[in-house]
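Structure file protein_35.cif (mmCIF, C-alpha atoms) follows.
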```
data_work
loop_
_atom_site.label_atom_id
_atom_site.label_comp_id
_atom_site.auth_asym_id
_atom_site.auth_seq_id
_atom_site.Cartn_x
_atom_site.Cartn_y
_atom_site.Cartn_z
CA MET A 1 72.10 7.76 68.66
CA ASN A 2 68.42 8.43 68.15
CA GLU A 3 68.13 5.29 66.05
CA LEU A 4 69.62 3.22 68.87
CA THR A 5 67.18 4.51 71.47
CA GLN A 6 64.24 3.70 69.22
CA HIS A 7 65.23 0.03 69.03
CA ILE A 8 66.71 -0.51 72.49
CA ASP A 9 63.93 -2.92 73.46
CA ILE A 10 64.67 -5.18 70.48
CA ILE A 11 68.40 -5.12 71.24
CA ILE A 12 67.85 -6.01 74.90
CA VAL A 13 65.46 -8.83 73.98
CA VAL A 14 67.94 -10.34 71.52
CA ILE A 15 70.79 -10.08 74.04
CA GLY A 16 68.70 -11.67 76.80
CA SER A 17 67.52 -14.44 74.54
CA SER A 18 71.07 -15.11 73.37
CA LEU A 19 72.38 -15.32 76.93
CA GLY A 20 69.65 -17.74 78.01
CA SER A 21 70.15 -19.91 74.97
CA ILE A 22 73.93 -20.01 75.35
CA LYS A 23 73.59 -20.91 79.04
CA ALA A 24 71.24 -23.78 78.25
CA SER A 25 73.49 -25.00 75.46
CA VAL A 26 76.55 -24.97 77.71
CA GLU A 27 74.73 -26.97 80.38
CA LEU A 28 72.94 -29.50 78.17
CA ASP A 29 75.18 -29.99 75.15
CA LYS A 30 78.45 -30.94 76.80
CA GLY A 31 80.49 -33.08 74.44
CA LYS A 32 78.40 -32.35 71.35
CA PRO A 33 79.83 -30.99 68.12
CA LEU A 34 79.92 -27.25 67.57
CA PHE A 35 77.27 -27.40 64.82
CA HIS A 36 74.71 -29.02 67.15
CA ARG A 37 75.39 -26.48 69.86
CA THR A 38 75.12 -23.60 67.40
CA LEU A 39 71.84 -24.92 66.04
CA ASP A 40 70.42 -25.22 69.57
CA ILE A 41 71.50 -21.66 70.30
CA ILE A 42 69.87 -20.32 67.13
CA ILE A 43 66.61 -22.12 67.86
CA GLY A 44 66.73 -20.92 71.46
CA VAL A 45 67.23 -17.31 70.38
CA PHE A 46 64.34 -17.58 67.95
CA SER A 47 61.99 -19.05 70.54
CA GLY A 48 63.03 -16.49 73.15
CA VAL A 49 62.42 -13.56 70.83
CA ALA A 50 59.12 -15.03 69.61
CA ALA A 51 57.88 -15.67 73.15
CA THR A 52 58.86 -12.19 74.25
CA PHE A 53 57.12 -10.41 71.43
CA TYR A 54 54.02 -12.56 71.92
CA PHE A 55 53.76 -12.40 75.73
CA GLY A 56 55.84 -9.30 76.44
CA ALA A 57 54.72 -6.06 77.99
CA ALA A 58 55.08 -2.90 75.93
CA PHE A 59 55.81 -0.74 78.98
CA ASN A 60 58.62 -2.69 80.67
CA VAL A 61 61.82 -3.44 78.77
CA TRP A 62 63.49 -5.31 81.65
CA LEU A 63 60.55 -7.68 82.07
CA ASN A 64 60.83 -8.42 78.36
CA ALA A 65 64.56 -9.12 78.77
CA LEU A 66 63.85 -11.58 81.58
CA LEU A 67 61.16 -13.26 79.51
CA ALA A 68 63.56 -13.48 76.57
CA THR A 69 66.25 -15.09 78.74
CA VAL A 70 63.86 -17.72 80.05
CA GLY A 71 62.39 -18.27 76.59
CA GLY A 72 65.81 -18.72 75.04
CA ALA A 73 66.87 -21.26 77.64
CA SER A 74 63.57 -23.11 77.36
CA GLY A 75 63.73 -23.22 73.59
CA ALA A 76 67.15 -24.86 73.65
CA MET A 77 66.07 -27.35 76.33
CA VAL A 78 62.77 -28.29 74.68
CA LEU A 79 64.54 -29.14 71.45
CA GLU A 80 66.92 -31.46 73.29
CA VAL A 81 64.09 -33.24 75.13
CA ILE A 82 62.04 -33.70 71.96
CA LEU A 83 65.01 -35.18 70.12
CA GLN A 84 65.59 -37.64 72.98
CA MET A 85 61.93 -38.71 73.06
CA LEU A 86 61.45 -38.97 69.29
CA PRO A 87 62.72 -42.56 68.78
CA SER A 88 60.46 -44.06 71.47
CA ILE A 89 57.42 -42.11 70.28
CA THR A 90 58.03 -43.18 66.67
CA LYS A 91 58.38 -46.80 67.77
CA LYS A 92 55.05 -46.70 69.64
CA VAL A 93 53.23 -45.06 66.73
CA LEU A 94 54.60 -47.57 64.22
CA LYS A 95 53.68 -50.53 66.45
CA LYS A 96 50.15 -49.24 66.83
CA TYR A 97 49.82 -48.54 63.12
CA ILE A 98 51.21 -51.94 62.06
CA SER A 99 49.12 -53.89 64.61
CA LYS A 100 46.00 -52.14 63.36
CA PHE A 101 46.48 -53.51 59.84
CA LEU A 102 47.90 -56.94 60.66
#
```
Have the structure of the file written as structure tokens, please.
Amino acid sequence: MNELTQHIDIIIVVIGSSLGSIKASVELDKGKPLFHRTLDIIIGVFSGVAATFYFGAAFNVWLNALLATVGGASGAMVLEVILQMLPSITKKVLKKYISKFL
């Protein structure tokens, strides 16, 4: 039991990040295969935990849990937006690069 109380902040952050990431995946990834949804959830959990341990407060566990939830949801959403914008950005960069040399 003592071991659990020492790491309760890490457990709460991972749970909060997982919940935020799953919520974002359910809302954004409707109709996608399970692998894509799982990958978005994993990346969301990672970004939520990373954001919490970077910006989190050492004295307030519940503030860290809220930050993890928002970070997890944002991580899953940012990935989706970047993947939607990538083809148009690549097209613009290639046009600029080709017109520079031709």
* **Expected answer as a PyMOL selection string: all residues with atoms within 7 Å of (64.3, -14.9, 70.1), only C-alpha atoms** => chain A and resi 14+17+44-50+68+72
* Would you please work out which residue, of A:Gly71, A:Glu80, A:Lys100, A:Phe59, is nearest to Lys32 of chain A when using all atoms listed in the file? =>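 That would be A:Glu80, the residue with the smallest distance to Lys32 of chain A.
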* Who sits within 12 Å of Leu79 of chain A, only C-alpha atoms, same chain under 6 positions skipped, as a list in words ->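 Near neighbours after the sequence-gap exclusion: Ser21, Ala24, Ser25, Leu28, Asp29, His36, Arg37, Leu39, Asp40, Ile41, Ile42, Ile43, Gly44, Ser47, Gly72, Ala73, Met85 and Leu86 of chain A.
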* Asked: In Å to one decimal, how far is atom CA of Phe53 of chain A from atom CA of Leu34 of chain A?
  -> 28.6 Å
* So how many Å separate atom CA of Gly75 of chain A and atom CA of Ile8 of chain A, to one decimal? ->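 So the two atoms, atom CA of Gly75 of chain A and atom CA of Ile8 of chain A, lie 22.9 Å apart.
From atom CA of Val13 of chain A back to atom CA of Ala65 of chain A, the distance works out to 4.9 Å.
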* To do: Might you pull out every residue within 8 Å of Leu19 of chain A, with all atoms listed in the file counted and same-chain residues fewer than 4 positions away left off, and present them as JSON, numbers by chain?
  => {"A": [15, 23, 69, 72]}
So which residues get picked by the PyMOL selection byres ((chain A and resi 61) around 9) here, written as a short mmCIF file (atom, residue, chain, number, x, y, z; two decimals) with C-alpha atoms, in the coordinates of the input?
```cif
data_model
loop_
_atom_site.label_atom_id
_atom_site.label_comp_id
_atom_site.auth_asym_id
_atom_site.auth_seq_id
_atom_site.Cartn_x
_atom_site.Cartn_y
_atom_site.Cartn_z
CA ILE A 8 66.71 -0.51 72.49
CA ASP A 9 63.93 -2.92 73.46
CA ILE A 10 64.67 -5.18 70.48
CA ILE A 12 67.85 -6.01 74.90
CA VAL A 13 65.46 -8.83 73.98
CA GLY A 56 55.84 -9.30 76.44
CA ALA A 57 54.72 -6.06 77.99
CA ALA A 58 55.08 -2.90 75.93
CA PHE A 59 55.81 -0.74 78.98
CA ASN A 60 58.62 -2.69 80.67
CA TRP A 62 63.49 -5.31 81.65
CA LEU A 63 60.55 -7.68 82.07
CA ASN A 64 60.83 -8.42 78.36
CA ALA A 65 64.56 -9.12 78.77
CA LEU A 66 63.85 -11.58 81.58
#
```
I'd like a table as CSV: residues in segment 14-83 of chain A with an atom no more than 12 Å from segment 87-94 of chain A, each row giving the shortest atom pair and its distance in Å to one decimal, all atoms listed in the file counted, sorted by chain and rising residue number.
```
residue,atom,partner,partner_atom,distance
A:Val81,CA,A:Pro87,CA,11.4
A:Ile82,CA,A:Pro87,CA,9.4
A:Leu83,CA,A:Pro87,CA,7.8
```
Would you put the residues from that selection into a file with C-alpha atoms, as a PDB file, keeping the file's coordinate frame?
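Once everything was written out, this is again29.pdb:
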```pdb
ATOM      1  CA  VAL A  81      64.090 -33.240  75.130  1.00  0.00           C
ATOM      2  CA  ILE A  82      62.040 -33.700  71.960  1.00  0.00           C
ATOM      3  CA  LEU A  83      65.010 -35.180  70.120  1.00  0.00           C
TER       4      LEU A  83
END
```
